[in-house]
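What follows is the content of structure_21.pdb (PDB, C-alpha atoms (C1' of nucleotides)).
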ATOM      1  CA  MET A   4      20.797  36.969   7.605
ATOM      2  CA  THR A   5      20.810  35.269   4.276
ATOM      3  CA  ALA A   6      19.329  31.840   4.425
ATOM      4  CA  VAL A   7      21.459  28.926   3.422
ATOM      5  CA  LEU A   8      18.471  26.884   2.404
ATOM      6  CA  PRO A   9      16.252  28.191  -0.364
ATOM      7  CA  HIS A  10      13.081  29.910   0.761
ATOM      8  CA  PRO A  11      10.395  31.458  -1.382
ATOM      9  CA  GLU A  12      10.100  35.217  -1.106
ATOM     10  CA  ARG A  13       6.844  36.471   0.257
ATOM     11  CA  ASP A  14       5.461  37.207  -3.171
ATOM     12  CA  GLU A  15       6.422  33.758  -4.367
ATOM     13  CA  ILE A  16       4.330  31.993  -1.760
ATOM     14  CA  ARG A  17       1.337  30.253  -3.289
ATOM     15  CA  ILE A  18      -1.800  29.507  -1.329
ATOM     16  CA  GLU A  19      -2.062  26.036  -2.810
ATOM     17  CA  ALA A  20       1.387  25.099  -1.613
ATOM     18  CA  VAL A  21       0.639  26.489   1.839
ATOM     19  CA  LEU A  22      -2.603  24.564   2.137
ATOM     20  CA  HIS A  23      -0.985  21.414   0.873
ATOM     21  CA  ALA A  24       1.798  21.820   3.378
ATOM     22  CA  LEU A  25      -0.671  22.301   6.215
ATOM     23  CA  ALA A  26      -2.875  19.405   5.158
ATOM     24  CA  ASP A  27      -0.620  16.734   6.601
ATOM     25  CA  PRO A  28      -1.086  15.700  10.248
ATOM     26  CA  VAL A  29       2.608  15.655  11.022
ATOM     27  CA  ARG A  30       3.245  19.026   9.446
ATOM     28  CA  LEU A  31       0.213  20.549  11.087
ATOM     29  CA  HIS A  32       1.514  19.339  14.406
ATOM     30  CA  ILE A  33       4.887  20.902  13.711
ATOM     31  CA  VAL A  34       3.230  24.195  12.840
ATOM     32  CA  ARG A  35       1.182  24.100  16.014
ATOM     33  CA  GLU A  36       4.292  23.593  18.067
ATOM     34  CA  LEU A  37       6.189  26.314  16.244
ATOM     35  CA  ALA A  38       3.295  28.670  16.880
ATOM     36  CA  ARG A  39       3.951  28.304  20.590
ATOM     37  CA  THR A  40       7.450  29.690  20.446
ATOM     38  CA  GLU A  41       8.992  32.903  19.240
ATOM     39  CA  GLU A  42      12.512  31.593  18.893
ATOM     40  CA  GLY A  43      11.781  28.562  16.805
ATOM     41  CA  LEU A  44      12.562  24.932  17.355
ATOM     42  CA  SER A  45      14.940  22.272  16.245
ATOM     43  CA  CYS A  46      12.175  19.887  15.284
ATOM     44  CA  GLY A  47      14.379  16.829  15.328
ATOM     45  CA  VAL A  48      15.642  17.507  18.831
ATOM     46  CA  GLN A  49      12.782  19.229  20.576
ATOM     47  CA  LEU A  50       9.777  17.463  19.105
ATOM     48  CA  ASP A  51       8.952  13.828  19.497
ATOM     49  CA  LEU A  52       6.942  13.061  16.425
ATOM     50  CA  GLY A  53       7.380   9.317  16.208
ATOM     51  CA  ILE A  54       8.798   9.426  12.716
ATOM     52  CA  SER A  55      12.226   8.777  11.301
ATOM     53  CA  ALA A  56      14.763  11.528  10.810
ATOM     54  CA  SER A  57      14.536  11.314   7.051
ATOM     55  CA  THR A  58      10.777  11.616   7.124
ATOM     56  CA  LEU A  59      11.086  14.665   9.328
ATOM     57  CA  THR A  60      13.504  16.219   6.858
ATOM     58  CA  HIS A  61      10.943  15.652   4.133
ATOM     59  CA  HIS A  62       8.206  17.379   6.114
ATOM     60  CA  VAL A  63      10.299  20.345   7.157
ATOM     61  CA  ARG A  64      11.423  20.811   3.582
ATOM     62  CA  THR A  65       7.814  20.750   2.416
ATOM     63  CA  LEU A  66       6.955  23.445   4.945
ATOM     64  CA  ARG A  67       9.993  25.498   4.010
ATOM     65  CA  GLU A  68       9.439  25.279   0.266
ATOM     66  CA  ALA A  69       5.810  26.244   0.714
ATOM     67  CA  GLY A  70       6.900  29.335   2.640
ATOM     68  CA  VAL A  71       5.334  28.274   5.928
ATOM     69  CA  VAL A  72       8.542  28.089   7.935
ATOM     70  CA  ARG A  73      11.977  29.611   7.809
ATOM     71  CA  VAL A  74      14.862  27.265   8.546
ATOM     72  CA  GLN A  75      18.187  28.533   9.831
ATOM     73  CA  PRO A  76      21.240  26.453  10.656
ATOM     74  CA  ARG A  77      22.595  26.756  14.160
ATOM     75  CA  GLY A  78      25.512  24.465  14.677
ATOM     76  CA  THR A  79      24.450  21.040  13.499
ATOM     77  CA  ALA A  80      20.813  21.817  14.147
ATOM     78  CA  ARG A  81      18.222  23.512  11.952
ATOM     79  CA  ILE A  82      16.012  25.983  13.686
ATOM     80  CA  SER A  83      12.549  26.283  12.182
ATOM     81  CA  THR A  84      10.379  29.323  12.779
ATOM     82  CA  LEU A  85       6.879  30.106  11.582
ATOM     83  CA  ARG A  86       6.756  32.809   8.911
ATOM     84  CA  ARG A  87       3.950  34.504  10.756
ATOM     85  CA  GLU A  88       4.324  37.952   9.346
ATOM     86  CA  ASP A  89       4.482  36.779   5.761
ATOM     87  CA  LEU A  90       1.531  34.456   6.170
ATOM     88  CA  ASP A  91      -0.551  36.978   8.075
ATOM     89  CA  THR A  92       0.096  39.566   5.419
ATOM     90  CA  LEU A  93      -0.748  37.285   2.534
ATOM     91  CA  TYR A  94      -3.624  35.433   4.162
ATOM     92  CA  PRO A  95      -4.867  37.431   7.116
ATOM     93  CA  GLY A  96      -6.622  35.193   9.567
ATOM     94  CA  LEU A  97      -5.632  31.918   8.031
ATOM     95  CA  LEU A  98      -3.024  30.990  10.591
ATOM     96  CA  ASN A  99      -5.126  32.089  13.524
ATOM     97  CA  GLY A 100      -8.080  30.189  12.172
ATOM     98  CA  ILE A 101      -6.089  27.018  11.923
ATOM     99  CA  LEU A 102      -4.527  27.424  15.325
ATOM    100  CA  ALA A 103      -7.947  28.094  16.805
ATOM    101  CA  ALA A 104      -9.111  24.672  15.658
ATOM    102  CA  PRO A 105     -10.365  22.544  18.517
ATOM    103  CA  ARG A 106      -7.929  19.844  19.375
TER
ATOM    104  CA  MET B   2     -33.641  20.820   6.313
ATOM    105  CA  THR B   3     -32.167  17.383   6.547
ATOM    106  CA  ALA B   4     -29.666  16.682   3.862
ATOM    107  CA  VAL B   5     -30.072  13.732   1.568
ATOM    108  CA  LEU B   6     -26.353  13.334   1.224
ATOM    109  CA  PRO B   7     -24.328  12.701   4.359
ATOM    110  CA  HIS B   8     -22.658  15.759   5.822
ATOM    111  CA  PRO B   9     -20.534  15.963   8.946
ATOM    112  CA  GLU B  10     -22.054  17.923  11.781
ATOM    113  CA  ARG B  11     -20.185  21.011  12.791
ATOM    114  CA  ASP B  12     -18.476  19.271  15.664
ATOM    115  CA  GLU B  13     -17.446  16.419  13.412
ATOM    116  CA  ILE B  14     -15.502  18.648  11.062
ATOM    117  CA  ARG B  15     -11.765  18.065  11.313
ATOM    118  CA  ILE B  16      -9.252  20.703  10.401
ATOM    119  CA  GLU B  17      -7.080  18.189   8.579
ATOM    120  CA  ALA B  18      -9.913  17.160   6.299
ATOM    121  CA  VAL B  19     -10.764  20.786   5.622
ATOM    122  CA  LEU B  20      -7.187  21.669   4.746
ATOM    123  CA  HIS B  21      -6.830  18.602   2.588
ATOM    124  CA  ALA B  22     -10.024  19.485   0.782
ATOM    125  CA  LEU B  23      -8.834  23.035   0.176
ATOM    126  CA  ALA B  24      -5.367  21.994  -0.936
ATOM    127  CA  ASP B  25      -6.420  20.963  -4.422
ATOM    128  CA  PRO B  26      -6.476  23.583  -7.207
ATOM    129  CA  VAL B  27      -9.813  22.472  -8.599
ATOM    130  CA  ARG B  28     -11.487  22.373  -5.229
ATOM    131  CA  LEU B  29     -10.015  25.699  -4.202
ATOM    132  CA  HIS B  30     -11.408  27.189  -7.384
ATOM    133  CA  ILE B  31     -14.826  25.767  -6.601
ATOM    134  CA  VAL B  32     -14.698  27.245  -3.108
ATOM    135  CA  ARG B  33     -13.696  30.631  -4.481
ATOM    136  CA  GLU B  34     -16.655  30.598  -6.838
ATOM    137  CA  LEU B  35     -19.030  29.472  -4.122
ATOM    138  CA  ALA B  36     -17.798  32.275  -1.926
ATOM    139  CA  ARG B  37     -19.122  34.736  -4.500
ATOM    140  CA  THR B  38     -22.719  33.592  -4.199
ATOM    141  CA  GLU B  39     -25.182  33.313  -1.377
ATOM    142  CA  GLU B  40     -27.522  30.885  -3.087
ATOM    143  CA  GLY B  41     -24.992  28.301  -4.088
ATOM    144  CA  LEU B  42     -24.120  26.810  -7.427
ATOM    145  CA  SER B  43     -24.670  23.717  -9.457
ATOM    146  CA  CYS B  44     -20.991  23.209 -10.092
ATOM    147  CA  GLY B  45     -21.504  20.923 -13.050
ATOM    148  CA  VAL B  46     -23.757  23.380 -14.840
ATOM    149  CA  GLN B  47     -22.527  26.777 -13.784
ATOM    150  CA  LEU B  48     -18.799  26.233 -13.585
ATOM    151  CA  ASP B  49     -16.547  25.368 -16.463
ATOM    152  CA  LEU B  50     -13.683  23.582 -14.798
ATOM    153  CA  GLY B  51     -12.288  21.625 -17.707
ATOM    154  CA  ILE B  52     -12.659  18.306 -15.955
ATOM    155  CA  SER B  53     -14.941  15.348 -16.499
ATOM    156  CA  ALA B  54     -18.239  14.982 -14.709
ATOM    157  CA  SER B  55     -17.005  12.068 -12.670
ATOM    158  CA  THR B  56     -13.955  13.971 -11.533
ATOM    159  CA  LEU B  57     -16.180  16.842 -10.483
ATOM    160  CA  THR B  58     -18.320  14.487  -8.474
ATOM    161  CA  HIS B  59     -15.202  13.285  -6.729
ATOM    162  CA  HIS B  60     -14.154  16.821  -5.812
ATOM    163  CA  VAL B  61     -17.557  17.928  -4.617
ATOM    164  CA  ARG B  62     -17.817  14.823  -2.493
ATOM    165  CA  THR B  63     -14.425  15.545  -0.974
ATOM    166  CA  LEU B  64     -15.548  19.064  -0.092
ATOM    167  CA  ARG B  65     -18.844  17.811   1.280
ATOM    168  CA  GLU B  66     -17.339  15.046   3.388
ATOM    169  CA  ALA B  67     -14.799  17.469   4.794
ATOM    170  CA  GLY B  68     -17.604  19.789   5.824
ATOM    171  CA  VAL B  69     -16.616  22.624   3.531
ATOM    172  CA  VAL B  70     -19.768  22.649   1.432
ATOM    173  CA  ARG B  71     -23.368  21.629   1.849
ATOM    174  CA  VAL B  72     -24.940  19.890  -1.127
ATOM    175  CA  GLN B  73     -28.687  19.904  -1.689
ATOM    176  CA  PRO B  74     -30.541  18.265  -4.557
ATOM    177  CA  ARG B  75     -32.708  20.535  -6.658
ATOM    178  CA  GLY B  76     -34.259  18.630  -9.482
ATOM    179  CA  THR B  77     -31.532  16.700 -11.190
ATOM    180  CA  ALA B  78     -28.926  19.192 -10.093
ATOM    181  CA  ARG B  79     -26.948  19.406  -6.860
ATOM    182  CA  ILE B  80     -26.617  22.828  -5.380
ATOM    183  CA  SER B  81     -23.440  23.377  -3.415
ATOM    184  CA  THR B  82     -23.110  26.127  -0.830
ATOM    185  CA  LEU B  83     -20.198  27.108   1.338
ATOM    186  CA  ARG B  84     -20.620  26.226   4.998
ATOM    187  CA  ARG B  85     -19.458  29.684   5.958
ATOM    188  CA  GLU B  86     -20.979  29.889   9.375
ATOM    189  CA  ASP B  87     -19.682  26.515  10.475
ATOM    190  CA  LEU B  88     -16.208  27.178   9.156
ATOM    191  CA  ASP B  89     -16.048  30.694  10.559
ATOM    192  CA  THR B  90     -17.122  29.417  13.937
ATOM    193  CA  LEU B  91     -14.647  26.580  14.011
ATOM    194  CA  TYR B  92     -11.740  28.371  12.345
ATOM    195  CA  PRO B  93     -12.337  32.104  12.541
ATOM    196  CA  GLY B  94     -10.428  33.867   9.824
ATOM    197  CA  LEU B  95      -9.399  30.802   7.880
ATOM    198  CA  LEU B  96     -11.862  31.228   5.061
ATOM    199  CA  ASN B  97     -11.298  34.944   4.755
ATOM    200  CA  GLY B  98      -7.567  34.438   4.765
ATOM    201  CA  ILE B  99      -7.764  31.964   1.941
ATOM    202  CA  LEU B 100     -10.127  34.096  -0.085
ATOM    203  CA  ALA B 101      -7.870  37.093   0.436
ATOM    204  CA  ALA B 102      -5.037  35.245  -1.253
ATOM    205  CA  PRO B 103      -3.648  37.109  -4.238
ATOM    206  CA  ARG B 104      -4.426  35.432  -7.481
TER
ATOM    207  C1'  DA C  28      42.204  13.584  14.619
ATOM    208  C1'  DC C  29      38.324  11.382  16.244
ATOM    209  C1'  DC C  30      33.598  10.755  17.827
ATOM    210  C1'  DG C  31      28.825  11.737  18.382
ATOM    211  C1'  DT C  32      24.879  14.313  17.043
ATOM    212  C1'  DA C  33      21.835  16.490  13.664
ATOM    213  C1'  DC C  34      20.549  16.459   9.512
ATOM    214  C1'  DT C  35      20.316  15.444   4.284
ATOM    215  C1'  DA C  36      20.283  12.701  -0.055
ATOM    216  C1'  DC C  37      18.991   8.787  -2.352
ATOM    217  C1'  DG C  38      16.455   5.150  -3.670
ATOM    218  C1'  DA C  39      12.462   1.935  -2.666
ATOM    219  C1'  DG C  40       7.934   0.323  -1.059
ATOM    220  C1'  DA C  41       3.255   1.215  -0.055
ATOM    221  C1'  DT C  42      -0.598   4.091  -0.046
ATOM    222  C1'  DT C  43      -3.332   7.843  -1.489
ATOM    223  C1'  DC C  44      -5.326  10.458  -4.881
ATOM    224  C1'  DA C  45      -6.724  12.862  -9.291
ATOM    225  C1'  DT C  46      -8.251  11.565 -13.434
ATOM    226  C1'  DC C  47     -10.962   9.323 -16.875
ATOM    227  C1'  DG C  48     -14.617   6.489 -19.527
ATOM    228  C1'  DA C  49     -18.428   3.554 -19.341
ATOM    229  C1'  DA C  50     -22.494   2.238 -17.269
ATOM    230  C1'  DA C  51     -26.118   3.298 -14.144
ATOM    231  C1'  DT C  52     -29.394   6.342 -11.573
ATOM    232  C1'  DA C  53     -32.582  10.397 -10.784
ATOM    233  C1'  DC C  54     -35.504  13.758 -12.258
ATOM    234  C1'  DG C  55     -38.113  17.006 -15.291
ATOM    235  C1'  DA C  56     -40.286  17.721 -19.555
ATOM    236  C1'  DT C  57     -42.744  16.243 -23.630
TER
ATOM    237  C1'  DA D  16     -43.456   5.999 -21.460
ATOM    238  C1'  DT D  17     -39.684   8.175 -23.504
ATOM    239  C1'  DC D  18     -36.035  11.357 -23.829
ATOM    240  C1'  DG D  19     -32.464  14.455 -22.306
ATOM    241  C1'  DT D  20     -29.784  16.422 -18.699
ATOM    242  C1'  DA D  21     -27.273  16.141 -14.376
ATOM    243  C1'  DT D  22     -25.066  13.397 -11.569
ATOM    244  C1'  DT D  23     -23.146   9.123  -9.362
ATOM    245  C1'  DT D  24     -20.742   4.735  -9.145
ATOM    246  C1'  DC D  25     -17.334   1.646 -10.592
ATOM    247  C1'  DG D  26     -12.961   0.165 -12.022
ATOM    248  C1'  DA D  27      -8.607   1.317 -13.881
ATOM    249  C1'  DT D  28      -4.443   3.992 -14.505
ATOM    250  C1'  DG D  29      -0.845   6.971 -13.570
ATOM    251  C1'  DA D  30       1.116  10.461 -10.585
ATOM    252  C1'  DA D  31       2.084  12.162  -6.172
ATOM    253  C1'  DT D  32       3.536  11.346  -1.599
ATOM    254  C1'  DC D  33       4.395   9.437   2.992
ATOM    255  C1'  DT D  34       7.291   6.365   4.841
ATOM    256  C1'  DC D  35      11.616   4.113   5.719
ATOM    257  C1'  DG D  36      16.650   2.511   5.914
ATOM    258  C1'  DT D  37      21.153   3.290   4.458
ATOM    259  C1'  DA D  38      24.804   6.095   3.421
ATOM    260  C1'  DG D  39      26.705  10.423   3.462
ATOM    261  C1'  DT D  40      27.683  15.406   5.048
ATOM    262  C1'  DA D  41      28.327  19.079   8.545
ATOM    263  C1'  DC D  42      29.481  20.692  12.822
ATOM    264  C1'  DG D  43      30.926  20.896  17.809
ATOM    265  C1'  DG D  44      33.456  18.826  21.455
ATOM    266  C1'  DT D  45      37.145  15.961  23.433
TER
END
Spell out the structure here as structure tokens.
Amino acid sequence: MTAVLPHPERDEIRIEAVLHALADPVRLHIVRELARTEEGLSCGVQLDLGISASTLTHHVRTLREAGVVRVQPRGTARISTLRREDLDTLYPGLLNGILAAPR
Amino acid sequence: MTAVLPHPERDEIRIEAVLHALADPVRLHIVRELARTEEGLSCGVQLDLGISASTLTHHVRTLREAGVVRVQPRGTARISTLRREDLDTLYPGLLNGILAAPR
DNA sequence: ACCGTACTACGAGATTCATCGAAATACGAT
DNA sequence: ATCGTATTTCGATGAATCTCGTAGTACGGT
């Protein structure tokens, strides 16, 4: 199950990077959508975000490098999943609080 | 209890602005310190942040306009307090999660 | 082998933002 | 009134970053 793309270990995740990653509207939207699935999403295929492919890559990388999502290749696609357990352990309540935000 | 400086009402607080406000190291440090007091702090006097006064003003304004802190004049000082109740109501767990973050 | 799809890498442009110093304002104390 | 402290405002500067298009890579299917 080794990731091809570099991910921070749980103890390498920094709260500042997480907050910065979540502070962008596009990325927050991605996280909200990921929170609705267990299996993860190919953001480029399954989400219509109104941005270019290269911009999406940038955002997903920001989320991945911050430790918010885990990205796994499946065929030509990249499946992103929320790192719920890691985030809930490090920052209990944070994710739920954000997801509870009124639309 | 009307504030002299403009503050967003609870229902005007946007999660994106809150996250953006919290995503800066200086501002996060301020919030952490404020979380340790009930009465609030004059950030300029009681915190040594290693930044200029004008930069501090900028950060406190960002926190205030995002709805993270309430700022009240007391003499020549400005006392900042965390808007705990508002934030906990809007985003239950978010603040605690952030404050629980390992150093 | 070829094609199409999904994504990434690499600049580049435009905007945002953190920072500062200097000047100005507000208030309390003398 | 004057002074000192705390803070704000303004303008500038440099860094970060959001965005894109183009070109390239990777993989599955025909």
Enumerate, as a ChimeraX atom specification, the residues matched when the PyMOL selection byres ((chain D) within 8 of (chain A)) is run on the file above. /D:33-35,41-43
If you apply the PyMOL selection byres ((chain B and resi 5-14) around 10) to this file, what residues do you get, as a list of chain:residue names? A:Ala104, A:Pro105, B:Met2, B:Thr3, B:Ala4, B:Arg15, B:Ile16, B:Glu17, B:Ala18, B:Val19, B:Arg62, B:Leu64, B:Arg65, B:Glu66, B:Ala67, B:Gly68, B:Val69, B:Val70, B:Arg71, B:Val72, B:Gln73, B:Pro74, B:Arg84, B:Glu86, B:Asp87, B:Leu88, B:Thr90, B:Leu91
Would you list the contacts of stretch 41-50 of chain B as a PyMOL selection string, taking every protein, DNA or RNA residue within 8 Å and counting all atoms listed in the file, but skipping same-chain residues closer than 6 positions in sequence? (chain B and resi 27+31+35+57+78-83) or (chain D and resi 21)
Export, as an mmCIF file, in the coordinates of the input, the selected residues with C-alpha atoms (C1' of nucleotides).
data_model
loop_
_atom_site.group_PDB
_atom_site.id
_atom_site.type_symbol
_atom_site.label_atom_id
_atom_site.label_comp_id
_atom_site.auth_asym_id
_atom_site.auth_seq_id
_atom_site.Cartn_x
_atom_site.Cartn_y
_atom_site.Cartn_z
ATOM 1 C CA VAL B 27 -9.813 22.472 -8.599
ATOM 2 C CA ILE B 31 -14.826 25.767 -6.601
ATOM 3 C CA LEU B 35 -19.030 29.472 -4.122
ATOM 4 C CA LEU B 57 -16.180 16.842 -10.483
ATOM 5 C CA ALA B 78 -28.926 19.192 -10.093
ATOM 6 C CA ARG B 79 -26.948 19.406 -6.860
ATOM 7 C CA ILE B 80 -26.617 22.828 -5.380
ATOM 8 C CA SER B 81 -23.440 23.377 -3.415
ATOM 9 C CA THR B 82 -23.110 26.127 -0.830
ATOM 10 C CA LEU B 83 -20.198 27.108 1.338
ATOM 11 C "C1'" DA D 21 -27.273 16.141 -14.376
#
Take atom CA of A:His23 and atom CA of A:Leu97 and report the distance between them in Å, one decimal. 13.5 Å
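The spacing separating atom C1' of C:DT32 from atom C1' of D:DT40 amounts to 12.4 Å.
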Generate N, CA and C atoms for stretch 21-36 of chain B and emit them as a short mmCIF file (atom, residue, chain, number, x, y, z; two decimals), in the coordinates of the input.
data_model
loop_
_atom_site.label_atom_id
_atom_site.label_comp_id
_atom_site.auth_asym_id
_atom_site.auth_seq_id
_atom_site.Cartn_x
_atom_site.Cartn_y
_atom_site.Cartn_z
N HIS B 21 -7.06 19.49 3.72
CA HIS B 21 -6.83 18.60 2.59
C HIS B 21 -7.79 18.92 1.45
N ALA B 22 -9.03 19.18 1.81
CA ALA B 22 -10.02 19.48 0.78
C ALA B 22 -9.67 20.78 0.05
N LEU B 23 -9.15 21.74 0.77
CA LEU B 23 -8.83 23.04 0.18
C LEU B 23 -7.51 23.03 -0.58
N ALA B 24 -6.73 22.00 -0.39
CA ALA B 24 -5.37 21.99 -0.94
C ALA B 24 -5.30 21.57 -2.40
N ASP B 25 -6.42 21.34 -3.00
CA ASP B 25 -6.42 20.96 -4.42
C ASP B 25 -6.86 22.17 -5.27
N PRO B 26 -6.18 22.41 -6.38
CA PRO B 26 -6.48 23.58 -7.21
C PRO B 26 -7.92 23.63 -7.69
N VAL B 27 -8.44 22.50 -8.11
CA VAL B 27 -9.81 22.47 -8.60
C VAL B 27 -10.78 22.79 -7.47
N ARG B 28 -10.57 22.16 -6.35
CA ARG B 28 -11.49 22.37 -5.23
C ARG B 28 -11.38 23.79 -4.70
N LEU B 29 -10.18 24.32 -4.66
CA LEU B 29 -10.02 25.70 -4.20
C LEU B 29 -10.76 26.65 -5.13
N HIS B 30 -10.70 26.37 -6.42
CA HIS B 30 -11.41 27.19 -7.38
C HIS B 30 -12.92 27.13 -7.15
N ILE B 31 -13.41 25.93 -6.89
CA ILE B 31 -14.83 25.77 -6.60
C ILE B 31 -15.21 26.60 -5.38
N VAL B 32 -14.41 26.51 -4.34
CA VAL B 32 -14.70 27.24 -3.11
C VAL B 32 -14.70 28.74 -3.37
N ARG B 33 -13.74 29.20 -4.14
CA ARG B 33 -13.70 30.63 -4.48
C ARG B 33 -14.97 31.07 -5.19
N GLU B 34 -15.43 30.25 -6.11
CA GLU B 34 -16.66 30.60 -6.84
C GLU B 34 -17.86 30.57 -5.91
N LEU B 35 -17.91 29.57 -5.05
CA LEU B 35 -19.03 29.47 -4.12
C LEU B 35 -19.05 30.66 -3.17
N ALA B 36 -17.88 31.15 -2.86
CA ALA B 36 -17.80 32.28 -1.93
C ALA B 36 -18.42 33.53 -2.52
#
